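data11.pdb follows; it contains PDB, C-alpha atoms.
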```
MODEL        1
ATOM      1  CA  MET A   1     149.625 104.657 145.427
ATOM      2  CA  ARG A   2     149.019 107.024 148.301
ATOM      3  CA  SER A   3     150.518 110.475 147.784
ATOM      4  CA  ARG A   4     152.925 111.553 150.470
ATOM      5  CA  GLY A   5     154.360 114.950 151.216
ATOM      6  CA  ALA A   6     156.026 117.052 153.849
ATOM      7  CA  PHE A   7     153.145 116.564 156.268
ATOM      8  CA  ASP A   8     153.554 112.787 156.228
ATOM      9  CA  PRO A   9     155.493 111.830 159.386
ATOM     10  CA  SER A  10     157.050 108.914 157.556
ATOM     11  CA  VAL A  11     158.600 111.368 155.141
ATOM     12  CA  ARG A  12     159.826 114.153 157.391
ATOM     13  CA  ARG A  13     159.314 114.545 161.131
ATOM     14  CA  ARG A  14     161.479 117.574 161.742
ATOM     15  CA  ASP A  15     158.894 120.142 160.763
ATOM     16  CA  ARG A  16     155.193 119.353 160.489
ATOM     17  CA  ARG A  17     154.394 122.860 159.253
ATOM     18  CA  ALA A  18     154.964 122.401 155.544
ATOM     19  CA  PHE A  19     152.154 123.844 153.419
ATOM     20  CA  VAL A  20     152.810 121.978 150.226
ATOM     21  CA  ALA A  21     154.601 119.025 148.816
ATOM     22  CA  GLY A  22     157.993 120.629 149.183
ATOM     23  CA  ALA A  23     159.490 118.089 146.901
ATOM     24  CA  ALA A  24     156.764 118.898 144.430
ATOM     25  CA  ALA A  25     159.182 121.042 142.546
ATOM     26  CA  LEU A  26     162.098 118.649 142.709
ATOM     27  CA  ALA A  27     161.049 117.560 139.265
ATOM     28  CA  VAL A  28     161.078 121.135 138.030
ATOM     29  CA  CYS A  29     164.752 121.373 137.206
ATOM     30  CA  LEU A  30     167.177 119.034 138.915
ATOM     31  CA  ALA A  31     169.440 119.815 135.982
ATOM     32  CA  VAL A  32     168.824 123.502 135.313
ATOM     33  CA  PRO A  33     169.722 124.479 131.745
ATOM     34  CA  ALA A  34     171.429 127.757 130.958
ATOM     35  CA  LEU A  35     169.175 130.375 129.435
ATOM     36  CA  PRO A  36     170.181 132.311 126.331
ATOM     37  CA  PRO A  37     170.657 136.072 126.720
ATOM     38  CA  VAL A  38     167.535 138.221 126.811
ATOM     39  CA  ARG A  39     166.850 139.688 123.403
ATOM     40  CA  ALA A  40     164.826 142.718 122.464
ATOM     41  CA  ALA A  41     161.516 141.302 121.295
ATOM     42  CA  GLU A  42     158.952 142.834 119.019
ATOM     43  CA  GLY A  43     155.768 143.665 120.851
ATOM     44  CA  HIS A  44     157.078 143.876 124.405
ATOM     45  CA  GLU A  45     159.818 145.276 126.610
ATOM     46  CA  THR A  46     161.579 143.713 129.584
ATOM     47  CA  VAL A  47     162.163 145.577 132.845
ATOM     48  CA  ASP A  48     164.112 144.131 135.803
ATOM     49  CA  PHE A  49     163.641 145.309 139.395
ATOM     50  CA  ASP A  50     165.837 144.666 142.412
ATOM     51  CA  TRP A  51     163.302 145.486 145.093
ATOM     52  CA  VAL A  52     163.774 144.975 148.826
ATOM     53  CA  ASP A  53     160.865 144.672 151.236
ATOM     54  CA  ALA A  54     162.268 146.638 154.170
ATOM     55  CA  ARG A  55     159.489 145.544 156.523
ATOM     56  CA  ARG A  56     160.313 141.872 156.061
ATOM     57  CA  GLN A  57     164.010 142.458 155.333
ATOM     58  CA  ARG A  58     163.657 140.300 152.259
ATOM     59  CA  ALA A  59     164.822 140.924 148.713
ATOM     60  CA  VAL A  60     162.177 140.565 146.009
ATOM     61  CA  PRO A  61     163.833 140.720 142.585
ATOM     62  CA  ALA A  62     161.349 140.761 139.731
ATOM     63  CA  ARG A  63     161.103 140.868 135.975
ATOM     64  CA  LEU A  64     158.274 142.563 134.103
ATOM     65  CA  TYR A  65     157.301 141.796 130.523
ATOM     66  CA  LEU A  66     155.306 144.797 129.368
ATOM     67  CA  PRO A  67     153.443 145.211 126.064
ATOM     68  CA  ARG A  68     154.866 148.100 124.067
ATOM     69  CA  ALA A  69     151.328 149.055 123.125
ATOM     70  CA  ALA A  70     150.652 149.802 126.788
ATOM     71  CA  ALA A  71     152.799 152.900 126.522
ATOM     72  CA  ALA A  72     150.201 154.657 124.383
ATOM     73  CA  GLY A  73     146.995 152.648 124.703
ATOM     74  CA  ALA A  74     144.585 151.674 127.430
ATOM     75  CA  PRO A  75     145.910 150.006 130.610
ATOM     76  CA  VAL A  76     146.551 146.283 130.156
ATOM     77  CA  PRO A  77     145.795 143.281 132.397
ATOM     78  CA  LEU A  78     148.576 142.073 134.688
ATOM     79  CA  VAL A  79     149.546 138.456 135.359
ATOM     80  CA  VAL A  80     151.816 137.809 138.340
ATOM     81  CA  PHE A  81     153.679 134.523 137.833
ATOM     82  CA  SER A  82     155.157 132.608 140.787
ATOM     83  CA  HIS A  83     157.996 130.255 139.874
ATOM     84  CA  GLY A  84     158.592 126.697 141.027
ATOM     85  CA  ILE A  85     161.176 125.798 143.649
ATOM     86  CA  GLY A  86     164.768 126.358 142.571
ATOM     87  CA  SER A  87     163.862 128.822 139.825
ATOM     88  CA  THR A  88     164.303 132.572 139.221
ATOM     89  CA  ARG A  89     162.645 135.622 137.720
ATOM     90  CA  GLU A  90     164.330 134.826 134.401
ATOM     91  CA  ARG A  91     162.489 131.525 134.015
ATOM     92  CA  TYR A  92     159.096 130.790 132.463
ATOM     93  CA  ARG A  93     159.866 133.202 129.672
ATOM     94  CA  TRP A  94     157.847 131.063 127.298
ATOM     95  CA  ILE A  95     154.633 132.234 128.975
ATOM     96  CA  GLY A  96     155.647 135.717 130.150
ATOM     97  CA  GLN A  97     156.929 136.914 126.803
ATOM     98  CA  HIS A  98     154.029 135.362 124.922
ATOM     99  CA  LEU A  99     151.407 137.098 127.055
ATOM    100  CA  ALA A 100     153.193 140.437 126.866
ATOM    101  CA  ALA A 101     153.508 140.274 123.089
ATOM    102  CA  ARG A 102     149.731 139.841 122.987
ATOM    103  CA  GLY A 103     148.704 142.660 125.248
ATOM    104  CA  CYS A 104     148.984 141.357 128.814
ATOM    105  CA  ALA A 105     151.766 142.415 131.196
ATOM    106  CA  CYS A 106     153.475 139.612 133.120
ATOM    107  CA  LEU A 107     155.393 140.164 136.370
ATOM    108  CA  HIS A 108     157.735 137.416 137.612
ATOM    109  CA  PRO A 109     158.841 137.931 141.234
ATOM    110  CA  GLN A 110     161.739 135.830 142.515
ATOM    111  CA  HIS A 111     161.248 134.052 145.837
ATOM    112  CA  VAL A 112     164.679 134.223 147.457
ATOM    113  CA  GLY A 113     163.931 131.568 150.072
ATOM    114  CA  SER A 114     163.118 128.949 147.456
ATOM    115  CA  ASP A 115     164.939 130.118 144.344
ATOM    116  CA  ARG A 116     168.113 128.900 142.605
ATOM    117  CA  GLN A 117     170.065 129.069 145.858
ATOM    118  CA  VAL A 118     168.698 125.634 146.745
ATOM    119  CA  TRP A 119     171.040 124.247 144.082
ATOM    120  CA  THR A 120     174.175 125.899 145.523
ATOM    121  CA  GLY A 121     176.418 124.455 148.196
ATOM    122  CA  ASN A 122     177.106 120.846 149.094
ATOM    123  CA  PRO A 123     175.359 118.635 146.515
ATOM    124  CA  LEU A 124     174.783 115.992 149.182
ATOM    125  CA  SER A 125     172.537 118.455 151.040
ATOM    126  CA  VAL A 126     170.367 119.503 148.111
ATOM    127  CA  VAL A 127     167.370 117.411 149.205
ATOM    128  CA  THR A 128     167.523 118.942 152.683
ATOM    129  CA  ARG A 129     167.634 122.445 151.194
ATOM    130  CA  LEU A 130     164.656 121.646 148.981
ATOM    131  CA  TRP A 131     162.605 120.372 151.933
ATOM    132  CA  ASP A 132     163.588 123.435 153.971
ATOM    133  CA  ALA A 133     162.456 125.684 151.114
ATOM    134  CA  ALA A 134     159.001 124.087 151.261
ATOM    135  CA  GLN A 135     158.319 124.751 154.924
ATOM    136  CA  GLU A 136     155.499 126.944 156.139
ATOM    137  CA  GLY A 137     157.536 130.082 156.718
ATOM    138  CA  GLU A 138     158.671 130.170 153.104
ATOM    139  CA  ALA A 139     155.210 129.317 151.784
ATOM    140  CA  VAL A 140     153.816 132.339 153.637
ATOM    141  CA  ALA A 141     156.763 134.508 152.600
ATOM    142  CA  ARG A 142     156.095 133.698 148.960
ATOM    143  CA  VAL A 143     152.592 135.126 149.214
ATOM    144  CA  GLY A 144     154.147 138.150 150.896
ATOM    145  CA  ASP A 145     156.495 138.499 147.922
ATOM    146  CA  VAL A 146     153.530 138.566 145.557
ATOM    147  CA  ARG A 147     151.707 141.168 147.637
ATOM    148  CA  PHE A 148     154.812 143.340 147.986
ATOM    149  CA  ALA A 149     155.596 143.099 144.259
ATOM    150  CA  LEU A 150     152.047 144.142 143.396
ATOM    151  CA  ASP A 151     152.086 146.994 145.904
ATOM    152  CA  THR A 152     155.402 148.281 144.595
ATOM    153  CA  LEU A 153     154.612 147.972 140.896
ATOM    154  CA  LEU A 154     151.198 149.610 141.251
ATOM    155  CA  ALA A 155     152.808 152.511 143.111
ATOM    156  CA  SER A 156     155.485 153.000 140.437
ATOM    157  CA  ASP A 157     155.530 155.214 137.373
ATOM    158  CA  LEU A 158     154.415 152.200 135.344
ATOM    159  CA  ALA A 159     151.106 151.963 137.180
ATOM    160  CA  SER A 160     149.214 154.009 134.593
ATOM    161  CA  ARG A 161     150.019 151.338 131.991
ATOM    162  CA  LEU A 162     148.470 148.562 134.086
ATOM    163  CA  ASP A 163     144.839 147.800 134.870
ATOM    164  CA  ALA A 164     144.587 147.205 138.625
ATOM    165  CA  GLN A 165     141.086 145.796 138.129
ATOM    166  CA  ARG A 166     142.374 142.943 135.945
ATOM    167  CA  ILE A 167     145.022 141.164 138.009
ATOM    168  CA  VAL A 168     145.641 137.423 137.626
ATOM    169  CA  LEU A 169     147.871 135.196 139.736
ATOM    170  CA  ALA A 170     149.641 132.315 138.019
ATOM    171  CA  GLY A 171     152.304 129.817 138.909
ATOM    172  CA  HIS A 172     153.857 126.425 138.349
ATOM    173  CA  SER A 173     154.209 123.680 140.970
ATOM    174  CA  TYR A 174     155.156 125.420 144.253
ATOM    175  CA  GLY A 175     154.238 128.638 142.480
ATOM    176  CA  ALA A 176     150.777 127.253 141.745
ATOM    177  CA  ASN A 177     150.279 126.765 145.487
ATOM    178  CA  THR A 178     151.459 130.337 146.051
ATOM    179  CA  ALA A 179     148.902 131.581 143.535
ATOM    180  CA  LEU A 180     146.119 129.548 145.159
ATOM    181  CA  LEU A 181     146.921 130.851 148.652
ATOM    182  CA  ALA A 182     146.770 134.429 147.409
ATOM    183  CA  ALA A 183     143.565 133.629 145.510
ATOM    184  CA  GLY A 184     141.717 132.399 148.587
ATOM    185  CA  ALA A 185     142.969 128.977 149.704
ATOM    186  CA  VAL A 186     142.791 128.780 153.512
ATOM    187  CA  VAL A 187     144.583 126.457 155.926
ATOM    188  CA  GLN A 188     143.911 126.120 159.640
ATOM    189  CA  ARG A 189     146.453 126.850 162.356
ATOM    190  CA  GLU A 190     145.579 126.247 166.022
ATOM    191  CA  GLY A 191     141.902 126.280 165.168
ATOM    192  CA  ARG A 192     142.061 129.555 163.280
ATOM    193  CA  PRO A 193     142.220 130.170 159.532
ATOM    194  CA  LEU A 194     145.506 131.337 158.090
ATOM    195  CA  ALA A 195     144.029 133.445 155.338
ATOM    196  CA  LEU A 196     146.451 134.988 152.842
ATOM    197  CA  ARG A 197     144.058 136.139 150.159
ATOM    198  CA  ASP A 198     144.840 139.255 148.154
ATOM    199  CA  GLU A 199     141.544 140.929 147.307
ATOM    200  CA  ARG A 200     142.983 142.422 144.118
ATOM    201  CA  VAL A 201     143.183 139.022 142.456
ATOM    202  CA  ARG A 202     140.484 138.445 139.850
ATOM    203  CA  ALA A 203     141.539 135.038 138.444
ATOM    204  CA  ALA A 204     144.150 132.279 138.806
ATOM    205  CA  ILE A 205     146.145 130.122 136.379
ATOM    206  CA  VAL A 206     147.676 127.054 138.022
ATOM    207  CA  LEU A 207     150.122 124.743 136.270
ATOM    208  CA  SER A 208     150.805 121.370 137.922
ATOM    209  CA  ALA A 209     149.449 122.357 141.340
ATOM    210  CA  PRO A 210     150.527 120.015 144.172
ATOM    211  CA  PRO A 211     148.050 119.253 146.970
ATOM    212  CA  PHE A 212     148.108 120.858 150.403
ATOM    213  CA  TYR A 213     149.164 117.955 152.589
ATOM    214  CA  GLY A 214     148.109 117.388 156.168
ATOM    215  CA  GLU A 215     145.103 119.672 155.953
ATOM    216  CA  GLY A 216     142.298 117.124 155.650
ATOM    217  CA  ASP A 217     139.574 117.520 153.062
ATOM    218  CA  PRO A 218     140.999 119.624 150.203
ATOM    219  CA  ARG A 219     137.586 121.216 149.735
ATOM    220  CA  ARG A 220     137.985 122.906 153.113
ATOM    221  CA  ILE A 221     141.191 124.503 151.854
ATOM    222  CA  LEU A 222     140.301 125.265 148.267
ATOM    223  CA  GLY A 223     136.547 125.715 148.400
ATOM    224  CA  GLY A 224     137.069 129.350 149.340
ATOM    225  CA  VAL A 225     138.896 130.198 146.129
ATOM    226  CA  GLY A 226     136.258 132.529 144.800
ATOM    227  CA  VAL A 227     137.779 133.589 141.479
ATOM    228  CA  PRO A 228     137.720 131.886 138.077
ATOM    229  CA  SER A 229     140.595 129.448 137.713
ATOM    230  CA  LEU A 230     142.400 127.583 134.943
ATOM    231  CA  HIS A 231     144.154 124.288 135.756
ATOM    232  CA  VAL A 232     146.719 122.752 133.413
ATOM    233  CA  THR A 233     148.428 119.390 133.869
ATOM    234  CA  ALA A 234     149.367 116.179 132.017
ATOM    235  CA  THR A 235     148.758 112.466 132.468
ATOM    236  CA  GLU A 236     152.452 111.975 133.320
ATOM    237  CA  ASP A 237     152.612 115.027 135.611
ATOM    238  CA  ILE A 238     154.175 112.805 138.267
ATOM    239  CA  ILE A 239     156.738 113.530 140.967
ATOM    240  CA  ARG A 240     158.938 110.691 142.171
ATOM    241  CA  ILE A 241     161.824 111.047 144.583
ATOM    242  CA  PRO A 242     162.972 108.889 147.500
ATOM    243  CA  GLY A 243     160.244 109.002 150.146
ATOM    244  CA  TYR A 244     157.809 111.021 148.079
ATOM    245  CA  TYR A 245     155.307 110.364 145.336
ATOM    246  CA  SER A 246     152.634 112.589 143.849
ATOM    247  CA  GLY A 247     150.668 111.369 140.879
ATOM    248  CA  ALA A 248     148.698 113.268 138.275
ATOM    249  CA  GLU A 249     145.552 112.426 140.250
ATOM    250  CA  ASP A 250     146.704 114.997 142.815
ATOM    251  CA  ARG A 251     146.409 117.760 140.184
ATOM    252  CA  LEU A 252     142.879 116.586 139.427
ATOM    253  CA  ALA A 253     142.010 116.597 143.133
ATOM    254  CA  VAL A 254     143.070 120.240 143.385
ATOM    255  CA  TYR A 255     140.884 121.152 140.415
ATOM    256  CA  GLN A 256     137.907 119.244 141.797
ATOM    257  CA  ALA A 257     138.202 120.876 145.230
ATOM    258  CA  ILE A 258     138.407 124.426 143.905
ATOM    259  CA  GLY A 259     135.464 126.722 144.523
ATOM    260  CA  GLY A 260     134.933 129.829 142.469
ATOM    261  CA  PRO A 261     132.246 130.761 139.978
ATOM    262  CA  ARG A 262     133.995 129.107 137.026
ATOM    263  CA  LYS A 263     136.894 126.735 136.460
ATOM    264  CA  TRP A 264     138.547 124.957 133.558
ATOM    265  CA  LEU A 265     140.830 121.919 133.377
ATOM    266  CA  ALA A 266     143.153 120.862 130.571
ATOM    267  CA  MET A 267     145.094 117.599 130.870
ATOM    268  CA  PHE A 268     147.583 116.776 128.137
ATOM    269  CA  GLU A 269     148.400 113.208 127.166
ATOM    270  CA  GLY A 270     151.910 112.254 128.279
ATOM    271  CA  GLY A 271     154.217 115.063 129.303
ATOM    272  CA  SER A 272     155.886 115.434 132.690
ATOM    273  CA  HIS A 273     155.890 117.689 135.746
ATOM    274  CA  SER A 274     158.741 119.672 134.194
ATOM    275  CA  ILE A 275     157.139 120.186 130.803
ATOM    276  CA  PHE A 276     155.880 123.625 131.869
ATOM    277  CA  THR A 277     159.387 124.852 132.780
ATOM    278  CA  ASP A 278     161.858 126.389 130.338
ATOM    279  CA  ARG A 279     163.391 122.988 129.691
ATOM    280  CA  SER A 280     162.795 122.426 126.000
ATOM    281  CA  THR A 281     162.876 118.619 126.020
ATOM    282  CA  ALA A 282     161.086 117.760 129.288
ATOM    283  CA  GLY A 283     158.128 115.509 128.587
ATOM    284  CA  GLY A 284     159.312 114.768 125.057
ATOM    285  CA  VAL A 285     161.254 116.630 122.386
ATOM    286  CA  THR A 286     158.242 116.822 120.093
ATOM    287  CA  LEU A 287     155.524 117.131 122.711
ATOM    288  CA  ASN A 288     157.182 119.856 124.780
ATOM    289  CA  PRO A 289     156.813 122.756 122.304
ATOM    290  CA  GLN A 290     153.351 121.559 121.329
ATOM    291  CA  VAL A 291     152.131 121.620 124.930
ATOM    292  CA  LYS A 292     153.669 125.038 125.492
ATOM    293  CA  GLU A 293     151.981 126.421 122.378
ATOM    294  CA  ALA A 294     148.644 124.960 123.456
ATOM    295  CA  THR A 295     149.043 126.330 126.991
ATOM    296  CA  GLN A 296     149.895 129.777 125.669
ATOM    297  CA  ALA A 297     146.738 129.766 123.572
ATOM    298  CA  LEU A 298     144.649 128.455 126.476
ATOM    299  CA  ALA A 299     145.932 131.089 128.899
ATOM    300  CA  LEU A 300     144.964 133.842 126.478
ATOM    301  CA  ALA A 301     141.561 132.247 125.844
ATOM    302  CA  PHE A 302     140.997 132.060 129.612
ATOM    303  CA  LEU A 303     141.869 135.731 130.071
ATOM    304  CA  ARG A 304     139.526 136.710 127.276
ATOM    305  CA  ALA A 305     136.709 134.656 128.768
ATOM    306  CA  VAL A 306     137.193 136.154 132.223
ATOM    307  CA  PHE A 307     137.793 139.780 131.303
ATOM    308  CA  ASP A 308     136.165 140.250 127.897
ATOM    309  CA  GLY A 309     133.289 137.778 128.035
ATOM    310  CA  ASP A 310     134.731 136.020 124.978
ATOM    311  CA  GLU A 311     133.457 132.460 125.397
ATOM    312  CA  ALA A 312     133.956 131.396 121.790
ATOM    313  CA  THR A 313     137.744 131.255 121.941
ATOM    314  CA  ILE A 314     137.985 128.991 124.982
ATOM    315  CA  GLN A 315     135.135 126.808 123.701
ATOM    316  CA  ALA A 316     136.995 126.304 120.416
ATOM    317  CA  TRP A 317     140.345 125.601 122.074
ATOM    318  CA  PRO A 318     139.798 121.852 122.811
ATOM    319  CA  GLN A 319     139.004 121.075 119.204
ATOM    320  CA  ARG A 320     142.044 122.959 117.982
ATOM    321  CA  PHE A 321     144.389 120.977 120.243
ATOM    322  CA  ALA A 322     142.429 117.719 120.457
ATOM    323  CA  PRO A 323     145.346 115.465 119.398
ATOM    324  CA  LEU A 324     147.297 116.574 122.482
ATOM    325  CA  LEU A 325     144.513 116.239 125.014
ATOM    326  CA  SER A 326     143.546 113.518 127.426
ATOM    327  CA  ARG A 327     140.850 115.551 129.138
ATOM    328  CA  PHE A 328     139.200 118.954 129.066
ATOM    329  CA  GLU A 329     136.518 120.228 131.426
ATOM    330  CA  ALA A 330     134.689 123.465 132.040
ATOM    331  CA  ALA A 331     132.567 123.862 135.149
ATOM    332  CA  ALA A 332     130.494 126.492 136.902
ATOM    333  CA  ALA A 333     130.009 126.448 140.672
TER
ENDMDL
END
```

Would you mind giving the structure from this file in structure tokens?
Amino acid sequence: MRSRGAFDPSVRRRDRRAFVAGAAALAVCLAVPALPPVRAAEGHETVDFDWVDARRQRAVPARLYLPRAAAAGAPVPLVVFSHGIGSTRERYRWIGQHLAARGCACLHPQHVGSDRQVWTGNPLSVVTRLWDAAQEGEAVARVGDVRFALDTLLASDLASRLDAQRIVLAGHSYGANTALLAAGAVVQREGRPLALRDERVRAAIVLSAPPFYGEGDPRRILGGVGVPSLHVTATEDIIRIPGYYSGAEDRLAVYQAIGGPRKWLAMFEGGSHSIFTDRSTAGGVTLNPQVKEATQALALAFLRAVFDGDEATIQAWPQRFAPLLSRFEAAAA
């Protein structure tokens, strides 16, 4: 079935300037579960920020998971994680806390134009609010949030605990598109490239990345991503809503179109688009925690391969999690 998104005139004619499949994150959390209170965790600390970007007049709340060891040891790598549509800085704790407990700081900015506010108000208008949150202005603003959050954190008194030469962008669904734009994806506007790359980015981790609709050959958009990238998806990573469909083949197309010196792909058997959210049963009660555990291990193996030259760990990962996998690839450009 042909994938359709916000650029498809049969789906939405009001605004043809949508970067991504705005509905791509509809499957993220149509029923958002309550999170338990934040607990003090061994190995890391949690710091919340309520930043405001005065230049853009836009709030950028953020949460930082910081390894306790960073207080006394060498500066640690920093992952900046962009959430899916309708989410917040408190979400995706399963990856942020795990990385921090193992020596990698994780910053989660909240994108106020596409965060939990899309769920508030008249329930009959929720689909309209979701489409509006996926339009071009918000897609660009999200990259601005990432840049502002990095600028602000690296100018703070915590900067000495972070390694500015080892910065990774990560994200899920809409957040994966945000990460790719900041990592070098380029779209054309009026014959000119709309380049949003942040030169500080050294690698990218993309979970369930939707395609960039209406932009022609995806290689023209993604071929310029010049950093190592890790792509994680599942065979049932499918988005279905009225007027919109995006199959798991779209995640593969993003991986295949990516440039960069090195890239990896892991596709789990089964699952769902929401399996990478904090929902504990999405994609299967048994499979969900297994996929999260495997993804945690893969993210760390990827970081070690990119920053430490440790190839053994990521080469051994597929065998360790073979029962969960449908496909695993490693490629060099």

Original post:
Which residues come within 7 Å of Val225 in chain A, counting all atoms listed in the file, excluding same-chain residues fewer than 2 positions away, as a list in words?
Top reply: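 Counting only the stated atoms, we get Ala183, Gly184, Ala185, Leu222, Gly223, Val227, Ile258, Gly259 and Gly260 of chain A.
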
Subject >> Selection: 8 Å around range 58-64 of chain A, only C-alpha atoms, excl. self and same-chain fewer than 6 positions, as a PyMOL selection string >> reply: chain A and resi 46-52+89-90+105-112+145+149

**OP:** For each of A:Asp237, A:Trp264, A:Trp94, A:Arg327, take the minimum atom-to-atom distance to Gln315 in chain A, counting all atoms listed in the file, then give the residue where this is smallest.
**Re:**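 Closest to Gln315 in chain A, using all atoms listed in the file: A:Trp264.
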
Subject >> One-decimal distance in Å that lies between CA of Asp278 in chain A and CA of Val126 in chain A >> reply: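 Those two atoms sit 20.9 Å apart.
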
**OP:** Can you pull out every residue within 6 Å of range 161-174 of chain A, counting all atoms listed in the file, but drop anything in the same chain fewer than 4 positions away, and send it as a VMD selection string?
**Re:** chain A and resid 25 70 75 to 84 179 201 to 209

Writer output for current selection, C-alpha atoms, as a CSV table (one decimal), keeping the file's coordinate frame:
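Contents of out_18.csv, freshly written:
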```csv
chain,number,residue,atom,x,y,z
A,25,ALA,CA,159.2,121.0,142.5
A,70,ALA,CA,150.7,149.8,126.8
A,75,PRO,CA,145.9,150.0,130.6
A,76,VAL,CA,146.6,146.3,130.2
A,77,PRO,CA,145.8,143.3,132.4
A,78,LEU,CA,148.6,142.1,134.7
A,79,VAL,CA,149.5,138.5,135.4
A,80,VAL,CA,151.8,137.8,138.3
A,81,PHE,CA,153.7,134.5,137.8
A,82,SER,CA,155.2,132.6,140.8
A,83,HIS,CA,158.0,130.3,139.9
A,84,GLY,CA,158.6,126.7,141.0
A,179,ALA,CA,148.9,131.6,143.5
A,201,VAL,CA,143.2,139.0,142.5
A,202,ARG,CA,140.5,138.4,139.8
A,203,ALA,CA,141.5,135.0,138.4
A,204,ALA,CA,144.2,132.3,138.8
A,205,ILE,CA,146.1,130.1,136.4
A,206,VAL,CA,147.7,127.1,138.0
A,207,LEU,CA,150.1,124.7,136.3
A,208,SER,CA,150.8,121.4,137.9
A,209,ALA,CA,149.4,122.4,141.3
```
